[in-house]
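*Asks:* Attaching a single structure in C-alpha cells format; questions to follow.
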Amino acid sequence: AADISDQLSTVLVTEEEIQRKLAELAARVDADYAGKDLLLVGVLKGAVMVMADFARSLQSDITMDWMAVSSYGAGTKSSGVVQIRKDLDTDLHGKHVLIVEDIIDSGLTLSWLLENFASRGAESIEVLALLRKPEAAKVKIDCKYVGFDIPNEFVVGYGLDYAERYRNLRDVAVLAPHVYA
Ligand code: PRP
Ligand code: MN
Ligand code: MG
C-alpha cells in the first residue's frame with residue numbers, strides 16, 4: 001500500500017489528544033449514568049475507533065450495539081439521503097441509549113437517526129461525538145458529549161474515511177485537496 005503522509009495536509013487532533021478527551025468524556029458518562037443500564041450504539045463504520053476506545057475508558061458495565069447507516073458514499077459531501085445498511089439487534093424499549101459517533105458534519109445523519117430512534121421507546125437518548133463542525137451544520141443536533149469542535153475541512157483518520165480509505169490513521173488529519181480534486 002502507498003505511503004499516506006503526502007496525502008494529508010495537517011494533523012488536527014493527535015492520538016494523545018483523542019485518548020485524553022475520551023477518558024474525560026468517559027468519566028462524565030460513568031457519573032451521569034450511575035445506577036442505570038446504558039446501551040452504547042455505535043454508528044458504523046466511522047464510529048468504530050471511537051467506540052472501541054471510549055467504551056474501554058468507561059468503568060461501568062454497559063452493553064453495545066451497532067447500526068450501519070451511510071449518507072456520504074464515495075464523495076466528500078453528504079447526500080442527505082440516509083440508508084440503513086444494518087439495523088440494531090436490540091429492542092430500545094426502556095433503555096438508556098447513548099449514540100456514539102465519530103463526527104457531526106451537516107448533522108443530517110444524526111438528525112435522521114434521532115428521529116428514527118425516538119419512536120422505539122427508549123427511556124433516554126443522548127449523543128456522543130468525537131468531532132463536530134459548527135460551520136457545516138445544516139440542522140442543529142443536541143449533542144451532550146462533544147470531543148472537539150473543528151473547522152469546516154474534510155478530515156480523515158481515526159475511523160473517518162474518504163472513499164473507505166484512511167480509517168486506520170491514529171490521528172485526525174485534513175485530507176490534502178489534491179487527493180479528491
Ligand atoms: C460520516 C460520519 C458520520 C456522518 C456525519 O459517515 O461517520 O456518520 O458522515 O455527517 P453528517 O453530519 O453530514 O450527516 P458516512 O455516511 O461517511 O459513513 P461511514 O461512517 O461508513 O464512513
Ligand atoms: Mn458514519
Ligand atoms: Mg464515511
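In the C-alpha cells, the first chain shown is A, the next is B, and so on; residue numbers restart at 1 for each chain, and ligands run from 1 in the order shown.
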Restrict the calculation to only C-alpha atoms and all ligand atoms, then for each residue of chain A with any atom at most 10 Å from an atom of ligand 2 give the closest atom pair and their distance in Å to one decimal, rows by chain and rising residue number, as CSV.
*Replies:*
```
residue,atom,partner,partner_atom_place_in_ligand_line,distance
A:Gly42,CA,ligand 2,1 (Mn),9.1
A:Val43,CA,ligand 2,1 (Mn),5.8
A:Leu44,CA,ligand 2,1 (Mn),5.7
A:Lys45,CA,ligand 2,1 (Mn),5.5
A:Gly46,CA,ligand 2,1 (Mn),4.3
A:Ala47,CA,ligand 2,1 (Mn),6.3
A:Val48,CA,ligand 2,1 (Mn),9.2
A:Met67,CA,ligand 2,1 (Mn),9.7
A:Ala68,CA,ligand 2,1 (Mn),7.9
A:Val69,CA,ligand 2,1 (Mn),6.8
A:Ser70,CA,ligand 2,1 (Mn),6.3
A:Ser71,CA,ligand 2,1 (Mn),7.9
A:Tyr72,CA,ligand 2,1 (Mn),8.3
A:Val100,CA,ligand 2,1 (Mn),9.9
A:Glu101,CA,ligand 2,1 (Mn),6.9
A:Asp102,CA,ligand 2,1 (Mn),6.8
A:Ile103,CA,ligand 2,1 (Mn),7.3
A:Ile104,CA,ligand 2,1 (Mn),8.9
A:Asp105,CA,ligand 2,1 (Mn),9.9
A:Thr109,CA,ligand 2,1 (Mn),7.8
A:Leu110,CA,ligand 2,1 (Mn),9.4
A:Gly159,CA,ligand 2,1 (Mn),8.5
A:Leu160,CA,ligand 2,1 (Mn),7.5
A:Asp161,CA,ligand 2,1 (Mn),8.8
```
*Asks:* Would you export the selected residues with C-alpha atoms as a JSON list (two decimals), in the first residue's frame, please?
*Replies:*
```json
[["chain", "number", "residue", "atom", "x", "y", "z"],
["A", 42, "GLY", "CA", -22.09, 2.83, 17.52],
["A", 43, "VAL", "CA", -22.78, 4.20, 14.07],
["A", 44, "LEU", "CA", -20.88, 2.05, 11.57],
["A", 45, "LYS", "CA", -18.45, 2.39, 10.11],
["A", 46, "GLY", "CA", -16.91, 5.69, 11.20],
["A", 47, "ALA", "CA", -17.52, 5.27, 14.92],
["A", 48, "VAL", "CA", -15.60, 2.00, 15.28],
["A", 67, "MET", "CA", -26.25, 0.45, 13.44],
["A", 68, "ALA", "CA", -24.89, 0.87, 9.93],
["A", 69, "VAL", "CA", -26.08, 3.91, 8.04],
["A", 70, "SER", "CA", -24.45, 5.75, 5.22],
["A", 71, "SER", "CA", -25.06, 9.07, 3.54],
["A", 72, "TYR", "CA", -21.71, 10.01, 2.04],
["A", 100, "VAL", "CA", -21.59, 7.10, 19.64],
["A", 101, "GLU", "CA", -20.43, 8.95, 16.52],
["A", 102, "ASP", "CA", -17.10, 9.99, 15.05],
["A", 103, "ILE", "CA", -18.31, 13.30, 13.62],
["A", 104, "ILE", "CA", -21.25, 15.64, 13.32],
["A", 105, "ASP", "CA", -20.78, 17.38, 9.98],
["A", 109, "THR", "CA", -27.17, 11.58, 9.76],
["A", 110, "LEU", "CA", -27.81, 12.13, 13.47],
["A", 159, "GLY", "CA", -12.45, 5.92, 11.74],
["A", 160, "LEU", "CA", -13.19, 8.73, 9.29],
["A", 161, "ASP", "CA", -12.76, 7.84, 5.64]]
```
*Asks:* Got a sec: who's within 9 Å of Ala23 (chain A), counting only C-alpha atoms, leaving out chain neighbours fewer than 5 positions off, as a PyMOL selection string?
*Replies:* chain A and resi 18+28+53-54+57-58
*Asks:* Using only C-alpha atoms, which protein or nucleic acid residues come within 10 Å of Ile141 (chain A)? Drop anything in the same chain fewer than 4 positions from it, and give the result as a list of chain:residue names.
*Replies:*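 Contacts, in chain order: A:Ile104, A:Ser106, A:Gly107, A:Leu108, A:Thr109, A:Leu110, A:Ser111, A:Leu114, A:Val127, A:Ala137.
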*Asks:* Give the answer as one residue: which of A:Glu16, A:Glu24, A:Glu164, A:Asp89 has the shortest atom-to-atom distance to Tyr145 (chain A), using only C-alpha atoms?
*Replies:*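 The answer is A:Glu24, which sits nearest to Tyr145 (chain A).
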*Asks:* Would you kindly return, as JSON, numbers by chain, each protein, DNA or RNA residue with an atom no farther than 6 Å from any atom of region 2-10 of chain A, considering only C-alpha atoms and excluding same-chain residues fewer than 2 positions away?
*Replies:* {"A": [173, 174, 175, 176]}
*Asks:* Hey, can you spit out that residue selection with N, CA and C atoms as a JSON list (two decimals), in the first residue's frame?
*Replies:*
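Output below, filename result.json:
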```json
[["chain", "number", "residue", "atom", "x", "y", "z"],
["A", 173, "ALA", "N", -6.70, 13.99, 10.61],
["A", 173, "ALA", "CA", -5.92, 14.91, 9.78],
["A", 173, "ALA", "C", -6.78, 15.46, 8.65],
["A", 174, "VAL", "N", -6.36, 16.63, 8.13],
["A", 174, "VAL", "CA", -7.02, 17.21, 6.97],
["A", 174, "VAL", "C", -6.50, 16.50, 5.73],
["A", 175, "LEU", "N", -7.42, 16.06, 4.89],
["A", 175, "LEU", "CA", -7.04, 15.38, 3.65],
["A", 175, "LEU", "C", -6.51, 16.43, 2.67],
["A", 176, "ALA", "N", -5.36, 16.15, 2.07],
["A", 176, "ALA", "CA", -4.80, 17.09, 1.10],
["A", 176, "ALA", "C", -5.76, 17.22, -0.08]]
```
*Asks:* Could you jot down the CA of Met49 (chain A) to CA of Leu88 (chain A) separation for me, Å, one decimal place?
*Replies:*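 Straight-line distance from CA of Met49 (chain A) to CA of Leu88 (chain A) works out to 18.6 Å.
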*Asks:* Would you mind telling me which residue in A:Ser60, A:Asp171, A:Pro177, A:Val82 lies nearest to ligand 3 when using only C-alpha atoms and all ligand atoms?
*Replies:*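 Of A:Ser60, A:Asp171, A:Pro177, A:Val82, the one nearest ligand 3, counting only C-alpha atoms and all ligand atoms, is A:Val82.
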*Asks:* Using only C-alpha atoms, which of the listed residues (A:Ile84, A:Ala1, A:Val139, A:Ala181) sits closest to Leu113 (chain A)?
*Replies:* A:Ile84
*Asks:* Name the closest residue to Ala118 (chain A) among the candidates A:Arg165, A:His93, A:Lys86, A:Lys144; distances are taken between atoms, counting only C-alpha atoms.
*Replies:*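 Selected residue with least distance to Ala118 (chain A): A:His93.
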*Asks:* What residues in chain A get the DSSP label strand (DSSP E)? Please answer as a ChimeraX atom specification.
*Replies:* /A:8-13,38-44,63-70,83-86,96-104,124-132,145-149,155-156,172-175
*Asks:* Can I get the selection written as a PDB file, in the first residue's frame, with C-alpha atoms?
*Replies:*
```pdb
ATOM      1  CA  LEU A   8      -2.562  14.620   4.286  1.00  0.00           C
ATOM      2  CA  SER A   9      -2.045  18.316   4.954  1.00  0.00           C
ATOM      3  CA  THR A  10      -2.206  18.964   8.700  1.00  0.00           C
ATOM      4  CA  VAL A  11      -2.904  16.851  11.749  1.00  0.00           C
ATOM      5  CA  LEU A  12      -5.889  18.400  13.538  1.00  0.00           C
ATOM      6  CA  VAL A  13      -6.227  16.147  16.557  1.00  0.00           C
ATOM      7  CA  LEU A  38     -26.563   2.049  29.446  1.00  0.00           C
ATOM      8  CA  LEU A  39     -26.647   0.887  25.830  1.00  0.00           C
ATOM      9  CA  LEU A  40     -23.967   2.326  23.571  1.00  0.00           C
ATOM     10  CA  VAL A  41     -24.998   2.433  19.922  1.00  0.00           C
ATOM     11  CA  GLY A  42     -22.085   2.832  17.524  1.00  0.00           C
ATOM     12  CA  VAL A  43     -22.780   4.197  14.070  1.00  0.00           C
ATOM     13  CA  LEU A  44     -20.877   2.053  11.570  1.00  0.00           C
ATOM     14  CA  THR A  63     -23.968  -3.099  26.524  1.00  0.00           C
ATOM     15  CA  MET A  64     -23.111  -2.270  22.943  1.00  0.00           C
ATOM     16  CA  ASP A  65     -24.923  -2.462  19.647  1.00  0.00           C
ATOM     17  CA  TRP A  66     -24.268  -1.177  16.149  1.00  0.00           C
ATOM     18  CA  MET A  67     -26.246   0.447  13.441  1.00  0.00           C
ATOM     19  CA  ALA A  68     -24.891   0.871   9.932  1.00  0.00           C
ATOM     20  CA  VAL A  69     -26.083   3.905   8.039  1.00  0.00           C
ATOM     21  CA  SER A  70     -24.453   5.749   5.218  1.00  0.00           C
ATOM     22  CA  GLN A  83     -29.784   4.467   4.254  1.00  0.00           C
ATOM     23  CA  ILE A  84     -29.945   1.743   6.904  1.00  0.00           C
ATOM     24  CA  ARG A  85     -27.464  -0.949   5.945  1.00  0.00           C
ATOM     25  CA  LYS A  86     -27.704  -2.817   9.245  1.00  0.00           C
ATOM     26  CA  HIS A  96     -30.839   4.494  28.210  1.00  0.00           C
ATOM     27  CA  VAL A  97     -29.213   4.954  24.806  1.00  0.00           C
ATOM     28  CA  LEU A  98     -26.009   6.806  24.042  1.00  0.00           C
ATOM     29  CA  ILE A  99     -25.321   7.102  20.321  1.00  0.00           C
ATOM     30  CA  VAL A 100     -21.588   7.103  19.636  1.00  0.00           C
ATOM     31  CA  GLU A 101     -20.434   8.952  16.519  1.00  0.00           C
ATOM     32  CA  ASP A 102     -17.102   9.986  15.054  1.00  0.00           C
ATOM     33  CA  ILE A 103     -18.308  13.301  13.624  1.00  0.00           C
ATOM     34  CA  ILE A 104     -21.250  15.643  13.318  1.00  0.00           C
ATOM     35  CA  SER A 124     -33.431   8.385  27.186  1.00  0.00           C
ATOM     36  CA  ILE A 125     -31.336   9.133  24.097  1.00  0.00           C
ATOM     37  CA  GLU A 126     -28.130  11.177  24.105  1.00  0.00           C
ATOM     38  CA  VAL A 127     -25.298  11.669  21.630  1.00  0.00           C
ATOM     39  CA  LEU A 128     -21.530  11.475  21.972  1.00  0.00           C
ATOM     40  CA  ALA A 129     -19.452  12.719  19.048  1.00  0.00           C
ATOM     41  CA  LEU A 130     -15.681  12.926  18.971  1.00  0.00           C
ATOM     42  CA  LEU A 131     -15.733  15.742  16.397  1.00  0.00           C
ATOM     43  CA  ARG A 132     -18.177  18.447  15.390  1.00  0.00           C
ATOM     44  CA  TYR A 145     -20.835  14.861  24.846  1.00  0.00           C
ATOM     45  CA  VAL A 146     -18.588  16.566  22.267  1.00  0.00           C
ATOM     46  CA  GLY A 147     -14.873  15.920  21.913  1.00  0.00           C
ATOM     47  CA  PHE A 148     -13.612  18.700  19.646  1.00  0.00           C
ATOM     48  CA  ASP A 149     -15.110  21.448  17.522  1.00  0.00           C
ATOM     49  CA  VAL A 155     -10.917  15.300   7.721  1.00  0.00           C
ATOM     50  CA  VAL A 156      -9.921  11.655   7.782  1.00  0.00           C
ATOM     51  CA  VAL A 172      -7.405  13.003  12.716  1.00  0.00           C
ATOM     52  CA  ALA A 173      -5.922  14.913   9.783  1.00  0.00           C
ATOM     53  CA  VAL A 174      -7.022  17.207   6.969  1.00  0.00           C
ATOM     54  CA  LEU A 175      -7.038  15.384   3.649  1.00  0.00           C
TER      55      LEU A 175
END
```
*Asks:* Determine the nearest neighbour of ligand 3 from the options A:Cys143, A:Ala122, A:Val81, A:Ala163, counting only C-alpha atoms and all ligand atoms.
*Replies:*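 Of A:Cys143, A:Ala122, A:Val81, A:Ala163, the one nearest ligand 3 is A:Ala163, counting only C-alpha atoms and all ligand atoms.
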*Asks:* CA of Leu92 (chain A) to CA of Arg120 (chain A): how many Å, to one decimal?
*Replies:* 5.8 Å
*Asks:* Using only C-alpha atoms and all ligand atoms, which of the listed residues (A:Met51, A:Ala136, A:Ile62, A:Ala27) sits closest to ligand 1?
*Replies:* A:Ala136
*Asks:* What does the distance between atom 12 (O, counted along the ligand's line) of ligand 1 and CA of Ala26 (chain A) come to in Å, to one decimal place?
*Replies:*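 Rounded to one decimal, the two atoms are 22.3 Å apart.
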*Asks:* Select from region 14-166 of chain A everything DSSP, run on the backbone, classes as helix (DSSP H, G or I), then give the selection as a ChimeraX atom specification.
*Replies:* /A:15-32,48-57,108-118,134-136
*Asks:* For the residues selected in the previous step, produce a file with C-alpha atoms as a PDB file, in the first residue's frame.
*Replies:*
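Written file, part03.pdb:
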```
ATOM      1  CA  GLU A  15      -3.866  10.314  19.089  1.00  0.00           C
ATOM      2  CA  GLU A  16      -2.879  11.568  22.571  1.00  0.00           C
ATOM      3  CA  GLU A  17      -5.466  14.378  22.480  1.00  0.00           C
ATOM      4  CA  ILE A  18      -8.149  11.915  21.393  1.00  0.00           C
ATOM      5  CA  GLN A  19      -7.370   9.455  24.176  1.00  0.00           C
ATOM      6  CA  ARG A  20      -7.263  12.182  26.835  1.00  0.00           C
ATOM      7  CA  LYS A  21     -10.593  13.587  25.661  1.00  0.00           C
ATOM      8  CA  LEU A  22     -12.274  10.179  25.533  1.00  0.00           C
ATOM      9  CA  ALA A  23     -11.145   9.495  29.111  1.00  0.00           C
ATOM     10  CA  GLU A  24     -12.711  12.820  30.216  1.00  0.00           C
ATOM     11  CA  LEU A  25     -15.962  12.038  28.414  1.00  0.00           C
ATOM     12  CA  ALA A  26     -15.990   8.518  29.867  1.00  0.00           C
ATOM     13  CA  ALA A  27     -15.690   9.884  33.410  1.00  0.00           C
ATOM     14  CA  ARG A  28     -18.689  12.145  32.750  1.00  0.00           C
ATOM     15  CA  VAL A  29     -20.715   9.308  31.267  1.00  0.00           C
ATOM     16  CA  ASP A  30     -19.850   6.984  34.171  1.00  0.00           C
ATOM     17  CA  ALA A  31     -21.141   9.621  36.590  1.00  0.00           C
ATOM     18  CA  ASP A  32     -24.212  10.600  34.555  1.00  0.00           C
ATOM     19  CA  VAL A  48     -15.604   2.002  15.281  1.00  0.00           C
ATOM     20  CA  MET A  49     -12.421   3.549  16.696  1.00  0.00           C
ATOM     21  CA  VAL A  50     -14.260   5.986  18.987  1.00  0.00           C
ATOM     22  CA  MET A  51     -16.448   3.188  20.306  1.00  0.00           C
ATOM     23  CA  ALA A  52     -13.515   0.859  20.928  1.00  0.00           C
ATOM     24  CA  ASP A  53     -11.509   3.431  22.884  1.00  0.00           C
ATOM     25  CA  PHE A  54     -14.391   5.231  24.595  1.00  0.00           C
ATOM     26  CA  ALA A  55     -16.069   2.013  25.767  1.00  0.00           C
ATOM     27  CA  ARG A  56     -12.787   0.766  27.224  1.00  0.00           C
ATOM     28  CA  SER A  57     -12.333   4.074  29.087  1.00  0.00           C
ATOM     29  CA  LEU A 108     -28.170  15.117   8.753  1.00  0.00           C
ATOM     30  CA  THR A 109     -27.168  11.581   9.762  1.00  0.00           C
ATOM     31  CA  LEU A 110     -27.814  12.127  13.469  1.00  0.00           C
ATOM     32  CA  SER A 111     -30.935  14.148  12.892  1.00  0.00           C
ATOM     33  CA  TRP A 112     -32.332  11.232  10.907  1.00  0.00           C
ATOM     34  CA  LEU A 113     -31.126   8.664  13.477  1.00  0.00           C
ATOM     35  CA  LEU A 114     -32.544  10.576  16.443  1.00  0.00           C
ATOM     36  CA  GLU A 115     -35.909  10.778  14.753  1.00  0.00           C
ATOM     37  CA  ASN A 116     -35.737   7.086  13.876  1.00  0.00           C
ATOM     38  CA  PHE A 117     -34.841   6.141  17.483  1.00  0.00           C
ATOM     39  CA  ALA A 118     -37.456   8.415  19.070  1.00  0.00           C
ATOM     40  CA  PRO A 134     -20.105  24.005  13.775  1.00  0.00           C
ATOM     41  CA  GLU A 135     -19.718  25.850  10.436  1.00  0.00           C
ATOM     42  CA  ALA A 136     -21.084  22.907   8.452  1.00  0.00           C
TER      43      ALA A 136
END
```
